[in-house]
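These notes are about the structure you will find just below.
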Protein chains: 2
Amino acid sequence: MRSPSYFEDFKIGVSEEFGEYTVTEEEILEFASKYDPQPFHLSEEAGKSMHFGGLCASGWHTCAIAMRMIVDHMPKTNKGALGSPGIDELRWTKPVFPGDCLRVKSTILDKKASKSRPNMGTIFMQNEVFNQNDELVMSNKPIVMVKKNTS
Amino acid sequence: MRSPSYFEDFKIGVSEEFGEYTVTEEEILEFASKYDPQPFHLSEEAGKSMHFGGLCASGWHTCAIAMRMIVDHMPKTNKGALGSPGIDELRWTKPVFPGDCLRVKSTILDKKASKSRPNMGTIFMQNEVFNQNDELVMSNKPIVMVKKNTS
């Protein structure tokens, strides 16, 4: 089952769980080398010297991985998506280590029809990312703009 | 000049501007293919059919690029950085297009010494990312943990 496409189809309070993404050391190093080359994202030794306890993924990498799982869960032809103006309360709650397998729990918190643009509305969501031990590694609250189903 | 390393060195109200990152079409497609394969991040045609007006970078890609500029601006041996528990009010205010050249303005909003851990504190920042036309394309408010200078 895929996530809803149009404004009318999002139901407040509904949660969905989806995704299965195994994070490799190679991918952690590749992302960090390019976008977040802090020592604890680049070497096991540097990670061990921190409270993280070992090499761990950039928090932005975890965001990107979560987005991939979200997009894979969208309808194949998603005619409703209009993009996102932003995210509230992004929290990195546990480090993501090589070999971790991540999944997403996505909850519809609220929705509001646009007053000025009658063909669209805003969805307020909460996304939580868990690892294979059911530990919350990340959470955030995206604001998403979607079309109404005017067909 | 590099950003501060230790808690004591961060001054509330101080802003710094740094970075120069030209975003290529190739990089937009590479990031989106891997992490955010929505049509408007993958093709000019799909972007044109949206309010974006053309192919544009994933918002998470803009976050990653900003992080790279921030890390490049950190002290070369940054002994103060303890990572970040999260980000508030992330906003994507304008699309980022191929060829855009981005830079960061970083402001110290507030700082608080930890009561329970006397060797560290928390810095509350605002990062703004501008393009070559001085348009704000992204802003966010990171929460950053840093060591005190106990040497």
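Starting from 1 in every chain, residues are counted up; chains themselves are A, B, ... following the order of the structure tokens, and ligands are numbered from 1 as listed.
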
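Using only C-alpha atoms, the contacts of Lys34 (chain A) at a cut-off of 9 Å, with sequence neighbours closer than 4 positions omitted, comprise Leu29 and Glu30 of chain A; Ala64, Ile65 and Arg68 of chain B.
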
Would you mind exporting C-alpha atoms of the selected residues as a PDB file, in the first residue's frame?
```pdb
ATOM      1  CA  LEU A  29      32.005   7.378   4.096  1.00  0.00           C
ATOM      2  CA  GLU A  30      30.927   8.420   0.597  1.00  0.00           C
TER       3      GLU A  30
ATOM      4  CA  ALA B  64      23.961  18.696   2.635  1.00  0.00           C
ATOM      5  CA  ILE B  65      25.675  21.408   0.560  1.00  0.00           C
ATOM      6  CA  ARG B  68      29.772  21.068   3.558  1.00  0.00           C
TER       7      ARG B  68
END
```

- Dump as an NGL selection string the residues of chain A that approach chain B to within 7 Å, counting only C-alpha atoms. :A and (35-38 or 60 or 64-65 or 67-68 or 71 or 85-93)

Can I get the selection written as a PDB file, in the first residue's frame, with N, CA and C atoms?
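Final output, result35.pdb:
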```pdb
ATOM      1  N   TYR A  35      29.841  15.683   1.844  1.00  0.00           N
ATOM      2  CA  TYR A  35      28.976  16.711   2.425  1.00  0.00           C
ATOM      3  C   TYR A  35      29.189  17.013   3.911  1.00  0.00           C
ATOM      4  N   ASP A  36      29.815  16.122   4.645  1.00  0.00           N
ATOM      5  CA  ASP A  36      29.935  16.361   6.090  1.00  0.00           C
ATOM      6  C   ASP A  36      31.220  15.716   6.620  1.00  0.00           C
ATOM      7  N   PRO A  37      32.397  16.203   6.117  1.00  0.00           N
ATOM      8  CA  PRO A  37      33.660  15.533   6.438  1.00  0.00           C
ATOM      9  C   PRO A  37      34.187  15.857   7.839  1.00  0.00           C
ATOM     10  N   GLN A  38      33.372  15.635   8.858  1.00  0.00           N
ATOM     11  CA  GLN A  38      33.851  15.714  10.232  1.00  0.00           C
ATOM     12  C   GLN A  38      34.443  14.347  10.596  1.00  0.00           C
ATOM     13  N   TRP A  60      22.528  14.481   8.200  1.00  0.00           N
ATOM     14  CA  TRP A  60      21.915  14.841   6.906  1.00  0.00           C
ATOM     15  C   TRP A  60      21.806  13.625   6.008  1.00  0.00           C
ATOM     16  N   ALA A  64      18.479  12.111   4.269  1.00  0.00           N
ATOM     17  CA  ALA A  64      18.408  11.741   2.847  1.00  0.00           C
ATOM     18  C   ALA A  64      17.895  10.307   2.690  1.00  0.00           C
ATOM     19  N   ILE A  65      18.367   9.404   3.546  1.00  0.00           N
ATOM     20  CA  ILE A  65      17.918   8.003   3.494  1.00  0.00           C
ATOM     21  C   ILE A  65      16.420   7.912   3.807  1.00  0.00           C
ATOM     22  N   MET A  67      14.239  10.220   3.275  1.00  0.00           N
ATOM     23  CA  MET A  67      13.523  10.745   2.103  1.00  0.00           C
ATOM     24  C   MET A  67      13.401   9.684   1.021  1.00  0.00           C
ATOM     25  N   ARG A  68      14.471   8.904   0.830  1.00  0.00           N
ATOM     26  CA  ARG A  68      14.412   7.851  -0.192  1.00  0.00           C
ATOM     27  C   ARG A  68      13.308   6.832   0.131  1.00  0.00           C
ATOM     28  N   VAL A  71       9.955   8.532  -0.619  1.00  0.00           N
ATOM     29  CA  VAL A  71       9.652   8.617  -2.060  1.00  0.00           C
ATOM     30  C   VAL A  71       9.277   7.236  -2.602  1.00  0.00           C
ATOM     31  N   PRO A  85       7.616  23.345   1.972  1.00  0.00           N
ATOM     32  CA  PRO A  85       8.263  24.596   2.366  1.00  0.00           C
ATOM     33  C   PRO A  85       9.220  24.435   3.535  1.00  0.00           C
ATOM     34  N   GLY A  86       9.162  23.262   4.216  1.00  0.00           N
ATOM     35  CA  GLY A  86      10.098  23.119   5.332  1.00  0.00           C
ATOM     36  C   GLY A  86       9.745  22.012   6.304  1.00  0.00           C
ATOM     37  N   ILE A  87      10.524  21.962   7.376  1.00  0.00           N
ATOM     38  CA  ILE A  87      10.487  20.900   8.379  1.00  0.00           C
ATOM     39  C   ILE A  87      10.609  21.548   9.753  1.00  0.00           C
ATOM     40  N   ASP A  88       9.826  21.092  10.692  1.00  0.00           N
ATOM     41  CA  ASP A  88       9.974  21.551  12.069  1.00  0.00           C
ATOM     42  C   ASP A  88      10.539  20.436  12.946  1.00  0.00           C
ATOM     43  N   GLU A  89      11.228  20.838  14.000  1.00  0.00           N
ATOM     44  CA  GLU A  89      11.675  19.902  15.054  1.00  0.00           C
ATOM     45  C   GLU A  89      12.377  18.659  14.519  1.00  0.00           C
ATOM     46  N   LEU A  90      13.384  18.868  13.705  1.00  0.00           N
ATOM     47  CA  LEU A  90      14.242  17.752  13.285  1.00  0.00           C
ATOM     48  C   LEU A  90      15.131  17.367  14.460  1.00  0.00           C
ATOM     49  N   ARG A  91      15.083  16.085  14.849  1.00  0.00           N
ATOM     50  CA  ARG A  91      15.890  15.619  15.988  1.00  0.00           C
ATOM     51  C   ARG A  91      16.655  14.366  15.629  1.00  0.00           C
ATOM     52  N   TRP A  92      17.961  14.365  15.931  1.00  0.00           N
ATOM     53  CA  TRP A  92      18.784  13.161  15.782  1.00  0.00           C
ATOM     54  C   TRP A  92      18.966  12.566  17.176  1.00  0.00           C
ATOM     55  N   THR A  93      18.319  11.462  17.436  1.00  0.00           N
ATOM     56  CA  THR A  93      18.210  10.953  18.810  1.00  0.00           C
ATOM     57  C   THR A  93      19.197   9.836  19.131  1.00  0.00           C
TER      58      THR A  93
END
```

- Residue with smallest distance to Cys56 (chain A) - pool A:Arg103, A:Gly19, A:Gly80, A:Val137, counting only C-alpha atoms: A:Val137

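Within 8 Å of Phe18 (chain A), once only C-alpha atoms are used and residues closer than 2 positions along the same chain are dropped, the contacting residues are Glu16, Glu20, Met69, His73, Arg103, Val104 and Lys105 of chain A.
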
- Apply DSSP to the structure's backbone, then extract all residues of chain B labelled strand (DSSP E or B) and return them as a PyMOL selection string. chain B and resi 15-22+81+86-92+101-113+120-130+136-147

Name the residues of region 44-123 of chain A that come out as helix (DSSP H, G or I) in a backbone DSSP run; write them as a PDB file with C-alpha atoms, in the first residue's frame.
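Saved file selection05.pdb follows:
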```pdb
ATOM      1  CA  GLU A  44      35.992   4.429  13.406  1.00  0.00           C
ATOM      2  CA  GLU A  45      38.796   5.751  15.620  1.00  0.00           C
ATOM      3  CA  ALA A  46      37.481   9.328  15.639  1.00  0.00           C
ATOM      4  CA  GLY A  47      33.956   8.047  16.346  1.00  0.00           C
ATOM      5  CA  LYS A  48      35.209   5.969  19.264  1.00  0.00           C
ATOM      6  CA  GLY A  59      22.594  13.390  10.368  1.00  0.00           C
ATOM      7  CA  TRP A  60      21.915  14.841   6.906  1.00  0.00           C
ATOM      8  CA  HIS A  61      22.631  11.429   5.452  1.00  0.00           C
ATOM      9  CA  THR A  62      19.941   9.952   7.714  1.00  0.00           C
ATOM     10  CA  CYS A  63      17.554  12.655   6.449  1.00  0.00           C
ATOM     11  CA  ALA A  64      18.408  11.741   2.847  1.00  0.00           C
ATOM     12  CA  ILE A  65      17.918   8.003   3.494  1.00  0.00           C
ATOM     13  CA  ALA A  66      14.543   8.673   5.142  1.00  0.00           C
ATOM     14  CA  MET A  67      13.523  10.745   2.103  1.00  0.00           C
ATOM     15  CA  ARG A  68      14.412   7.851  -0.192  1.00  0.00           C
ATOM     16  CA  MET A  69      12.156   5.524   1.787  1.00  0.00           C
ATOM     17  CA  ILE A  70       9.370   8.140   1.715  1.00  0.00           C
ATOM     18  CA  VAL A  71       9.652   8.617  -2.060  1.00  0.00           C
ATOM     19  CA  ASP A  72       9.674   4.835  -2.604  1.00  0.00           C
ATOM     20  CA  HIS A  73       6.423   4.695  -0.607  1.00  0.00           C
TER      21      HIS A  73
END
```
